[in-house]
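Colleague: Handing over start21.txt, compact mmCIF, C-alpha atoms and all ligand atoms.
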# COMPACT_ATOMS: atom_id res chain seq x y z
CA MET A 1 0.00 0.00 0.00
CA LYS A 2 3.01 2.27 -0.08
CA ASP A 3 2.42 5.18 -2.43
CA LYS A 4 4.52 4.41 -5.45
CA ASN A 5 4.37 8.02 -6.61
CA LYS A 6 5.66 9.20 -3.28
CA ASP A 7 8.45 11.72 -3.50
CA ASP A 8 10.37 13.35 -0.72
CA HIS A 9 7.85 16.10 -0.45
CA GLN A 10 6.41 16.16 3.07
CA LEU A 11 2.87 16.65 1.74
CA SER A 12 2.80 13.08 0.44
CA ARG A 13 3.02 11.87 4.07
CA LEU A 14 0.03 13.94 5.19
CA GLY A 15 -3.19 11.94 5.13
CA PHE A 16 -6.74 12.83 6.06
CA GLY A 17 -8.29 11.33 9.21
CA GLY A 18 -11.94 10.72 8.36
CA TRP A 19 -13.52 10.01 11.76
CA GLN A 20 -14.85 13.57 11.95
CA LEU A 21 -16.61 13.49 8.56
CA GLY A 22 -20.34 13.91 9.07
CA ASN A 23 -19.91 12.84 12.69
CA ALA A 24 -22.25 15.07 14.74
CA ASP A 25 -22.53 12.63 17.67
CA PHE A 26 -18.80 12.31 18.33
CA TRP A 27 -17.16 15.42 16.86
CA GLY A 28 -19.81 18.10 16.21
CA GLU A 29 -21.92 19.14 13.27
CA MET A 30 -20.82 18.53 9.66
CA SER A 31 -23.31 17.97 6.84
CA LEU A 32 -22.83 15.54 3.96
CA SER A 33 -22.23 18.35 1.48
CA GLU A 34 -19.77 20.13 3.81
CA GLY A 35 -17.89 16.85 4.20
CA VAL A 36 -17.74 16.21 0.46
CA ASP A 37 -16.58 19.77 -0.13
CA LEU A 38 -13.87 19.39 2.52
CA VAL A 39 -12.53 16.13 1.08
CA LYS A 40 -12.55 17.57 -2.46
CA GLU A 41 -10.62 20.56 -1.18
CA ALA A 42 -8.11 18.22 0.46
CA ILE A 43 -7.58 16.46 -2.88
CA LYS A 44 -7.09 19.84 -4.55
CA GLU A 45 -4.47 20.66 -1.92
CA GLY A 46 -2.59 17.48 -2.81
CA ILE A 47 -3.71 15.07 -0.08
CA ARG A 48 -4.02 11.55 -1.48
CA PHE A 49 -4.44 9.29 1.56
CA PHE A 50 -7.84 8.97 3.27
CA ASP A 51 -8.54 6.99 6.43
CA THR A 52 -12.09 5.98 7.27
CA ALA A 53 -14.18 3.15 8.77
CA PRO A 54 -17.74 1.81 8.42
CA GLY A 55 -18.39 2.77 12.04
CA TYR A 56 -17.52 6.44 11.55
CA ALA A 57 -20.82 8.34 11.60
CA ASN A 58 -22.71 5.13 10.74
CA GLY A 59 -21.18 4.82 7.28
CA MET A 60 -21.41 8.53 6.49
CA SER A 61 -17.63 9.06 6.57
CA GLU A 62 -17.19 6.36 3.89
CA THR A 63 -20.12 7.79 1.91
CA ILE A 64 -18.57 11.27 1.95
CA ILE A 65 -15.17 9.96 0.85
CA GLY A 66 -16.84 7.91 -1.90
CA LEU A 67 -18.73 10.92 -3.25
CA ALA A 68 -15.65 13.12 -3.14
CA THR A 69 -13.20 10.65 -4.70
CA ARG A 70 -15.26 8.73 -7.29
CA ASP A 71 -14.04 10.88 -10.20
CA VAL A 72 -10.41 10.60 -9.16
CA ARG A 73 -10.40 7.09 -7.72
CA GLN A 74 -7.09 5.98 -9.25
CA SER A 75 -5.20 8.91 -7.81
CA VAL A 76 -6.24 8.46 -4.17
CA ILE A 77 -5.51 5.85 -1.53
CA ILE A 78 -8.47 4.71 0.57
CA ASN A 79 -7.92 2.91 3.84
CA THR A 80 -10.99 1.61 5.66
CA LYS A 81 -11.58 -0.85 8.46
CA PHE A 82 -13.46 -3.97 9.55
CA GLY A 83 -14.96 -4.88 12.91
CA HIS A 84 -17.33 -2.03 13.78
CA THR A 85 -20.22 -1.92 11.37
CA ALA A 86 -22.14 1.00 9.90
CA ASP A 87 -25.15 0.05 11.99
CA GLY A 88 -23.20 0.33 15.20
CA LYS A 89 -22.44 -3.35 15.87
CA THR A 90 -19.12 -4.90 16.77
CA ASP A 91 -18.62 -7.92 14.52
CA PHE A 92 -15.20 -9.42 13.95
CA SER A 93 -16.45 -12.78 12.66
CA VAL A 94 -14.45 -14.13 9.73
CA SER A 95 -17.65 -15.03 7.91
CA SER A 96 -18.66 -11.33 7.86
CA ILE A 97 -15.47 -9.96 6.29
CA ARG A 98 -16.48 -10.35 2.63
CA ARG A 99 -19.99 -8.97 3.18
CA GLU A 100 -18.75 -5.98 5.19
CA ILE A 101 -16.04 -5.19 2.63
CA GLN A 102 -18.68 -5.25 -0.09
CA ALA A 103 -20.80 -2.84 1.96
CA SER A 104 -17.79 -0.51 2.33
CA LEU A 105 -17.11 -0.73 -1.42
CA GLY A 106 -20.73 0.31 -2.02
CA ARG A 107 -20.51 3.35 0.25
CA LEU A 108 -17.10 4.26 -1.16
CA GLN A 109 -18.38 3.84 -4.74
CA THR A 110 -15.37 1.79 -5.78
CA ASP A 111 -14.54 -1.80 -6.69
CA TYR A 112 -11.34 -2.10 -4.66
CA LEU A 113 -9.91 -0.95 -1.34
CA ASP A 114 -6.30 0.12 -1.20
CA SER A 115 -6.18 -1.18 2.33
CA ILE A 116 -8.43 -2.62 5.02
CA LEU A 117 -7.55 -2.78 8.70
CA LEU A 118 -9.03 -4.87 11.48
CA HIS A 119 -10.36 -2.08 13.72
CA ASN A 120 -8.88 -2.66 17.21
CA PRO A 121 -9.07 -6.46 17.08
CA SER A 122 -8.65 -8.86 20.01
CA HIS A 123 -5.27 -10.13 21.16
CA GLU A 124 -6.23 -13.57 19.87
CA ILE A 125 -6.41 -12.07 16.37
CA LEU A 126 -3.20 -10.08 16.87
CA LYS A 127 -1.40 -13.30 17.83
CA GLY A 128 -2.49 -14.92 14.58
CA GLU A 129 -4.66 -17.54 16.32
CA THR A 130 -7.66 -17.02 14.02
CA LYS A 131 -8.51 -17.37 10.31
CA HIS A 132 -8.92 -13.63 9.59
CA PHE A 133 -5.75 -13.29 7.58
CA ASP A 134 -6.50 -16.39 5.45
CA GLU A 135 -9.76 -14.75 4.41
CA LEU A 136 -8.05 -11.41 3.79
CA ASN A 137 -5.43 -13.16 1.65
CA THR A 138 -8.20 -14.68 -0.46
CA LEU A 139 -9.83 -11.26 -0.93
CA LYS A 140 -6.45 -9.81 -1.84
CA GLU A 141 -5.91 -12.50 -4.47
CA GLU A 142 -9.35 -11.69 -5.88
CA GLY A 143 -8.40 -8.00 -6.13
CA LEU A 144 -11.08 -6.67 -3.78
CA ILE A 145 -8.39 -5.37 -1.46
CA ARG A 146 -4.80 -4.45 -2.20
CA ALA A 147 -3.41 -4.58 1.31
CA TYR A 148 -4.53 -5.44 4.83
CA GLY A 149 -3.49 -4.93 8.40
CA VAL A 150 -4.62 -3.78 11.82
CA SER A 151 -5.40 -0.56 13.66
CA ILE A 152 -4.04 -0.79 17.20
CA ASP A 153 -3.23 1.44 20.17
CA THR A 154 -0.22 0.30 22.18
CA TYR A 155 3.41 -0.82 22.16
CA ASP A 156 2.37 -4.25 23.45
CA GLU A 157 -0.11 -4.72 20.62
CA LEU A 158 2.47 -3.65 18.06
CA GLU A 159 4.93 -6.13 19.53
CA MET A 160 2.32 -8.90 19.22
CA VAL A 161 1.79 -7.99 15.58
CA LEU A 162 5.50 -8.00 14.80
CA ASP A 163 6.00 -11.32 16.59
CA HIS A 164 3.04 -13.15 15.05
CA LEU A 165 1.67 -11.60 11.86
CA ARG A 166 2.76 -10.96 8.31
CA ILE A 167 0.64 -7.98 7.28
CA ASP A 168 1.00 -4.96 5.01
CA THR A 169 -0.21 -2.10 7.18
CA VAL A 170 -0.37 -0.97 10.80
CA GLU A 171 -2.23 2.08 12.05
CA ILE A 172 -0.92 3.04 15.49
CA LEU A 173 -1.70 5.66 18.13
CA PHE A 174 1.45 7.76 18.44
CA ASN A 175 2.13 11.38 19.36
CA ILE A 176 4.27 13.53 21.71
CA PHE A 177 2.19 12.29 24.68
CA PHE A 178 2.14 8.64 23.52
CA GLN A 179 5.69 7.89 22.43
CA LYS A 180 6.25 4.31 23.52
CA PRO A 181 5.43 2.59 20.18
CA ALA A 182 8.36 4.41 18.51
CA GLY A 183 10.64 1.81 20.08
CA LEU A 184 9.26 -0.72 17.58
CA PHE A 185 9.08 1.43 14.44
CA LYS A 186 12.40 0.19 13.09
CA ARG A 187 11.29 -3.44 13.40
CA ALA A 188 7.97 -2.62 11.72
CA HIS A 189 9.80 -0.93 8.87
CA GLU A 190 12.16 -3.87 8.47
CA GLN A 191 9.11 -6.13 8.14
CA GLY A 192 7.94 -3.97 5.22
CA ILE A 193 4.94 -2.58 7.07
CA THR A 194 3.31 0.65 5.94
CA LEU A 195 3.00 2.69 9.14
CA ILE A 196 0.09 5.08 9.61
CA VAL A 197 -0.03 7.32 12.70
CA LYS A 198 -3.47 8.06 14.14
CA VAL A 199 -4.44 10.60 16.84
CA PRO A 200 -1.33 12.71 16.07
CA LEU A 201 -2.71 15.74 17.95
CA ASP A 202 -3.81 13.85 21.08
CA SER A 203 -7.42 14.44 19.95
CA GLY A 204 -6.70 18.16 19.56
CA TRP A 205 -4.61 18.92 22.66
CA LEU A 206 -1.36 19.11 20.72
CA THR A 207 -2.65 22.04 18.67
CA GLY A 208 -2.21 24.13 21.84
CA LYS A 209 -5.77 25.46 21.64
CA TYR A 210 -7.18 23.93 24.83
CA ASP A 211 -6.35 24.69 28.46
CA GLN A 212 -7.45 23.65 31.95
CA HIS A 213 -10.77 25.48 31.51
CA SER A 214 -11.71 23.74 28.25
CA THR A 215 -14.84 21.62 28.21
CA PHE A 216 -15.56 18.80 25.80
CA GLU A 217 -18.56 17.05 24.31
CA GLY A 218 -18.98 13.87 22.28
CA ILE A 219 -16.15 11.36 22.26
CA ARG A 220 -13.91 13.73 24.24
CA SER A 221 -16.27 13.94 27.21
CA ARG A 222 -14.32 10.89 28.48
CA TRP A 223 -11.69 13.15 30.10
CA THR A 224 -12.04 13.86 33.83
CA LYS A 225 -11.13 17.23 35.37
CA GLU A 226 -7.82 15.72 36.55
CA VAL A 227 -6.99 14.41 33.09
CA ILE A 228 -7.78 17.81 31.54
CA GLU A 229 -5.59 19.59 34.09
CA ARG A 230 -2.70 17.20 33.52
CA ARG A 231 -2.92 17.57 29.75
CA ALA A 232 -3.17 21.36 30.08
CA SER A 233 -0.03 21.41 32.20
CA LEU A 234 1.87 19.30 29.65
CA VAL A 235 0.70 21.60 26.87
CA GLY A 236 2.07 24.49 28.94
CA ASP A 237 5.43 22.68 29.06
CA LEU A 238 5.41 22.34 25.27
CA LYS A 239 4.62 26.03 24.83
CA ALA A 240 7.54 26.89 27.09
CA LEU A 241 9.88 24.58 25.19
CA THR A 242 8.88 25.86 21.73
CA GLY A 243 8.24 29.48 22.68
CA GLU A 244 4.99 29.32 20.69
CA ASP A 245 1.29 28.92 21.46
CA ALA A 246 0.39 27.16 18.20
CA LEU A 247 1.77 23.65 18.55
CA THR A 248 0.30 21.76 15.59
CA LYS A 249 3.38 22.09 13.42
CA PHE A 250 5.57 20.73 16.22
CA ALA A 251 3.20 17.82 16.86
CA ILE A 252 3.09 16.78 13.21
CA SER A 253 6.77 17.35 12.50
CA PHE A 254 7.68 15.32 15.61
CA ILE A 255 5.81 12.37 14.10
CA LEU A 256 7.27 12.88 10.63
CA SER A 257 10.77 13.11 12.12
CA HIS A 258 10.44 9.32 12.48
CA PRO A 259 11.46 8.14 9.01
CA GLU A 260 9.55 4.85 9.35
CA VAL A 261 6.20 6.70 9.44
CA ASP A 262 4.55 6.62 6.02
CA TYR A 263 1.42 8.65 6.79
CA VAL A 264 0.18 10.91 9.56
CA ILE A 265 -3.60 11.33 9.58
CA PRO A 266 -4.89 14.24 11.67
CA GLY A 267 -8.66 14.36 12.01
CA ILE A 268 -9.68 17.40 9.97
CA LYS A 269 -12.95 19.24 10.58
CA SER A 270 -12.73 22.39 8.49
CA LYS A 271 -10.95 24.00 5.56
CA LYS A 272 -9.13 26.22 8.01
CA GLN A 273 -7.66 23.15 9.72
CA LEU A 274 -6.90 21.58 6.34
CA PHE A 275 -4.97 24.59 5.06
CA ASP A 276 -3.16 24.82 8.37
CA HIS A 277 -1.90 21.23 7.98
CA VAL A 278 -0.92 21.67 4.36
CA LYS A 279 1.18 24.68 5.34
CA ASN A 280 2.60 23.19 8.55
CA VAL A 281 3.61 19.88 7.06
CA GLN A 282 6.51 21.59 5.35
CA SER A 283 8.18 22.49 8.63
CA HIS A 284 10.93 20.29 10.03
CA LEU A 285 11.65 19.77 13.70
CA SER A 286 15.07 20.67 15.06
CA LEU A 287 16.99 17.86 16.72
CA ASP A 288 17.14 19.88 19.94
CA LEU A 289 13.34 20.18 20.13
CA LYS A 290 12.88 16.52 19.26
CA LYS A 291 15.17 15.58 22.14
CA ALA A 292 13.31 17.98 24.43
CA PHE A 293 9.94 16.38 23.53
CA ILE A 294 11.38 12.92 24.20
CA ARG A 295 12.77 14.10 27.55
CA LEU A 296 9.40 15.61 28.50
CA TYR A 297 7.71 12.28 27.74
CA GLU A 298 10.30 10.29 29.69
CA GLU A 299 10.23 12.58 32.71
CA LYS A 300 6.52 13.35 33.00
CA ILE A 301 4.50 10.68 31.17
CA ALA A 302 6.30 7.36 30.61
CA ALA A 303 5.93 6.06 34.17
CA ASP A 304 2.30 7.17 34.41
CA PRO A 305 0.81 7.10 30.90
CA LEU A 306 -2.11 9.35 30.03
CA PRO A 307 -5.43 7.72 29.22
CA TRP A 308 -6.40 8.14 25.53
N1 LIG B 401 -9.30 2.95 16.35
C1 LIG B 401 -8.93 3.59 15.26
O1 LIG B 401 -8.67 3.02 14.23
C2 LIG B 401 -8.82 5.09 15.30
C3 LIG B 401 -8.97 5.77 16.52
C4 LIG B 401 -8.80 7.15 16.53
C5 LIG B 401 -8.53 7.82 15.34
N2 LIG B 401 -8.41 7.13 14.16
C6 LIG B 401 -8.14 7.84 12.89
O2 LIG B 401 -7.14 8.81 13.12
C7 LIG B 401 -7.63 10.11 12.78
C8 LIG B 401 -7.01 11.13 13.71
O3 LIG B 401 -7.30 10.87 15.07
P1 LIG B 401 -8.32 11.79 15.91
O4 LIG B 401 -9.15 12.54 14.97
O5 LIG B 401 -8.98 10.92 16.90
O6 LIG B 401 -7.34 12.75 16.72
P2 LIG B 401 -6.38 13.96 16.28
O7 LIG B 401 -6.09 13.93 14.85
O8 LIG B 401 -5.26 13.88 17.24
O9 LIG B 401 -7.25 15.24 16.67
C9 LIG B 401 -8.30 15.68 15.86
C10 LIG B 401 -8.83 17.00 16.41
O10 LIG B 401 -7.77 17.96 16.43
C11 LIG B 401 -8.26 19.24 16.09
N3 LIG B 401 -7.54 19.72 14.91
C12 LIG B 401 -7.12 18.99 13.84
N4 LIG B 401 -6.41 19.75 13.00
C13 LIG B 401 -6.37 20.99 13.54
C14 LIG B 401 -5.79 22.22 13.14
N5 LIG B 401 -5.07 22.31 12.03
N6 LIG B 401 -5.98 23.31 13.93
C15 LIG B 401 -6.69 23.23 15.09
N7 LIG B 401 -7.27 22.08 15.50
C16 LIG B 401 -7.12 20.98 14.75
C17 LIG B 401 -9.73 19.12 15.85
O11 LIG B 401 -10.33 19.43 17.10
P3 LIG B 401 -11.70 20.25 17.22
O12 LIG B 401 -12.72 19.20 16.92
O13 LIG B 401 -11.74 20.69 18.64
O14 LIG B 401 -11.64 21.34 16.20
C18 LIG B 401 -9.89 17.64 15.53
O15 LIG B 401 -11.17 17.15 15.83
C19 LIG B 401 -9.15 9.97 12.88
O16 LIG B 401 -9.84 10.95 12.11
C20 LIG B 401 -9.34 8.58 12.33
O17 LIG B 401 -9.29 8.60 10.92
C21 LIG B 401 -8.54 5.78 14.14
Would it be possible to restate this file's structure as structure tokens?
Modeller:
Amino acid sequence: MKDKNKDDHQLSRLGFGGWQLGNADFWGEMSLSEGVDLVKEAIKEGIRFFDTAPGYANGMSETIIGLATRDVRQSVIINTKFGHTADGKTDFSVSSIRREIQASLGRLQTDYLDSILLHNPSHEILKGETKHFDELNTLKEEGLIRAYGVSIDTYDELEMVLDHLRIDTVEILFNIFFQKPAGLFKRAHEQGITLIVKVPLDSGWLTGKYDQHSTFEGIRSRWTKEVIERRASLVGDLKALTGEDALTKFAISFILSHPEVDYVIPGIKSKKQLFDHVKNVQSHLSLDLKKAFIRLYEEKIAADPLPW
């Protein structure tokens, strides 16, 4: 699933996180037409990689990406997932894979997926103890999918994958506040895995726009007052280290300073955010700041990890 046309240009490593598309319940209002317009604008700006899932906004995220990409299908890369269905069910059964992929293909208005990921699967699956990858191999041979892999959250899960599976793609939670998986990136790269980084902004915190008084709705209402205060304090540390209030460019360039990372996929909710990323992705992180971010993680987070 690596982008064969990829050049050294940083923009080719910037993907579009599609969880927010049309997702009023979790991320706030966005209509179908606003979503389509946003994805079309992203394509115009040169973004080629789109991450989505059937469970995002009950299929609406896939529908939006399908409508926006159908006229340029060959020039984009679409990565969707399996395991959480468009009607809100969790279903990882092997016998459902083909049917669910066909449903995704319908919403995405295409006859192939560049990549499909098992969407936070069980450890049994990650240890290769099930038939999921046999079925995915069959679908790959038939041309319905071009690559497959898993979307996972932790170092331990990544280690399981590297020990037990032979897959094309891994999507992993990694950012300045969640650095542990980086210890396995080299191994993943050596196994030929395309590495996608999700949640690069710590769900928005690493933009620098929230503080201890911020309140959250939807999926982010999970944070307690203590968690918000701790994150706000860490954001304050980053502002002191960088000397800037706007942190997005540091968050993204920290991730892209890891050469094994193929794509970073911030969740994008507006054209303003889109243009911001397209501009910021050109900036490189100094080695001194990279070391300072690693030190911050080691001193203040590693021993007591933040909840997602
Ligand atoms: N299990 C999985 O497979 C899984 C889990 C999580 C995410 N993902 C994928 O990874 C993508 C990214 O993760 P995420 O969306 O959870 O977290 P994220 O990218 O760390 O944060 C997204 C949030 O950051 C803010 N933001 C983004 N760009 C901005 C900008 N330029 N300026 C200011 N604010 C900006 C927005 O917050 P506001 O809403 O406050 O504006 C946005 O909702 C998702 O869209 C999805 O495709 C996959």
Colleague: Could you state the separation of CA of Gly15 in chain A and atom C8 of ligand LIG 401 (chain B) in Å, given to one decimal place?
Modeller: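 Atom C8 of ligand LIG 401 (chain B) lies at a distance of 9.4 Å from CA of Gly15 in chain A.
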Colleague: Determine, using all atoms listed in the file, which residues of chain A have any atom at most 6 Å from an atom of ligand LIG 401 (chain B), and tabulate each with its shortest atom pair and distance in Å to one decimal place, rows ordered by chain and then rising number, as a tab-separated table.
Modeller:
residue	atom	partner	partner_atom	distance
A:Gly17	CA	B:LIG401	O16	3.3
A:Gly18	CA	B:LIG401	O17	4.3
A:Trp19	CA	B:LIG401	O16	3.8
A:Gln20	CA	B:LIG401	O16	5.7
A:Trp27	CA	B:LIG401	O12	5.8
A:Asp51	CA	B:LIG401	O17	4.8
A:Thr52	CA	B:LIG401	O17	5.3
A:His119	CA	B:LIG401	O1	5.4
A:Asn120	CA	B:LIG401	N1	5.7
A:Ser151	CA	B:LIG401	O1	4.9
A:Lys198	CA	B:LIG401	O2	3.9
A:Val199	CA	B:LIG401	O3	3.4
A:Pro200	CA	B:LIG401	O8	4.3
A:Leu201	CA	B:LIG401	O8	3.2
A:Asp202	CA	B:LIG401	O8	4.1
A:Ser203	CA	B:LIG401	O9	3.4
A:Gly204	CA	B:LIG401	O10	3.3
A:Thr207	CA	B:LIG401	C15	5.5
A:Ile265	CA	B:LIG401	C7	5.3
A:Pro266	CA	B:LIG401	O7	3.4
A:Gly267	CA	B:LIG401	O4	3.5
A:Ile268	CA	B:LIG401	C12	4.9
A:Lys269	CA	B:LIG401	O15	5.9
A:Gln273	CA	B:LIG401	N5	3.6
A:Asp276	CA	B:LIG401	N5	4.8
A:His277	CA	B:LIG401	N5	5.3
Colleague: Can you work out which one of A:Ile64, A:Leu306, A:Leu256, A:Ile43 has the shortest atom-to-atom distance to Ser31 in chain A, counting all atoms listed in the file?
Modeller: A:Ile64
Colleague: Restricting the calculation to only C-alpha atoms, which member of A:Gln191, A:Ser286, A:Ser122, A:Asn175 is positioned closest to Phe92 in chain A?
Modeller: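 Closest to Phe92 in chain A of all the choices is A:Ser122.
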Colleague: Which is closest to Phe178 in chain A among A:His123, A:Ser75, A:Thr90, A:Pro307, if we use all atoms listed in the file?
Modeller: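 Checking each of A:His123, A:Ser75, A:Thr90, A:Pro307 against Phe178 in chain A, counting all atoms listed in the file, the winner is A:Pro307.
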Colleague: Pick from A:Leu289, A:Ala24, A:Leu136, A:Leu11: nearest to Gly243 in chain A, with all atoms listed in the file counted?
Modeller: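 Of the candidates, the smallest distance to Gly243 in chain A is held by A:Leu289.
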Colleague: Would you work out the distance separating CA of Leu105 in chain A from CA of Met30 in chain A, expressed in Å to one decimal?
Modeller: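 Answer for the CA of Leu105 in chain A to CA of Met30 in chain A separation: 22.5 Å.
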Colleague: Skip Thr224 in chain A itself and residues of its chain fewer than 2 positions away, then list as a list in words all residues within 12 Å of it, counting all atoms listed in the file.
Modeller: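 Contacts, with the query itself left out: Gln212, His213, Ser214, Thr215, Phe216, Glu217, Arg220, Ser221, Arg222, Glu226, Val227, Ile228, Glu229, Arg230, Arg231, Leu306, Pro307 and Trp308 of chain A.
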Colleague: What is the CA of Lys209 in chain A to CA of Ile176 in chain A distance in Å?
Modeller: 15.6 Å
Colleague: Ranking A:Ile65, A:Val281, A:Tyr112, A:Thr154 by minimum distance to Pro305 in chain A and counting only C-alpha atoms, which one comes first?
Modeller: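 Nearest candidate to Pro305 in chain A out of A:Ile65, A:Val281, A:Tyr112, A:Thr154: A:Thr154.
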Colleague: May I ask which of the residues A:Ser95, A:Thr138, A:Gln74, A:Asn23 is the closest one to Asn58 in chain A, counting only C-alpha atoms?
Modeller: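 Among A:Ser95, A:Thr138, A:Gln74, A:Asn23, it is A:Asn23 that comes nearest to Asn58 in chain A.
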Colleague: Which residues, written as a list in words, have at least one atom at most 12 Å from Ile152 in chain A, with all atoms listed in the file counted and residues fewer than 5 positions away on the same chain left out?
Modeller: Lys81, Leu117, Leu118, His119, Asn120, Pro121, Ser122, His123, Ile125, Leu126, Glu157, Leu158, Glu159, Met160, Val161, Thr169, Val170, Glu171, Ile172, Leu173, Phe174, Pro181, Leu195, Ile196, Val197, Lys198 and Val199 of chain A
Colleague: If you count only C-alpha atoms, which residues fall within 12 Å of Lys300 in chain A, apart from same-chain ones fewer than 3 positions away, as a list of chain:residue names?
Modeller: A:Ile176, A:Phe177, A:Phe178, A:Gln179, A:Arg230, A:Arg231, A:Ser233, A:Leu234, A:Val235, A:Asp237, A:Leu238, A:Ala292, A:Phe293, A:Ile294, A:Arg295, A:Leu296, A:Tyr297, A:Ala303, A:Asp304, A:Pro305, A:Leu306
Colleague: Any idea what's packed within 9 Å of Ser270 in chain A, counting all atoms listed in the file, ignoring anything in its chain fewer than 6 positions away? Could you give it as a VMD selection string?
Modeller: chain A and resid 34 to 35 38
Colleague: Could the centre and edge lengths of an axis-aligned box, enclosing all atoms of range 60-68 of chain A in the file with 4 Å extra on each side, be given in Å to one decimal as AutoDock Vina command-line options?
Modeller:
--center_x -18.3 --center_y 9.7 --center_z 1.7 --size_x 14.2 --size_y 14.8 --size_z 17.8
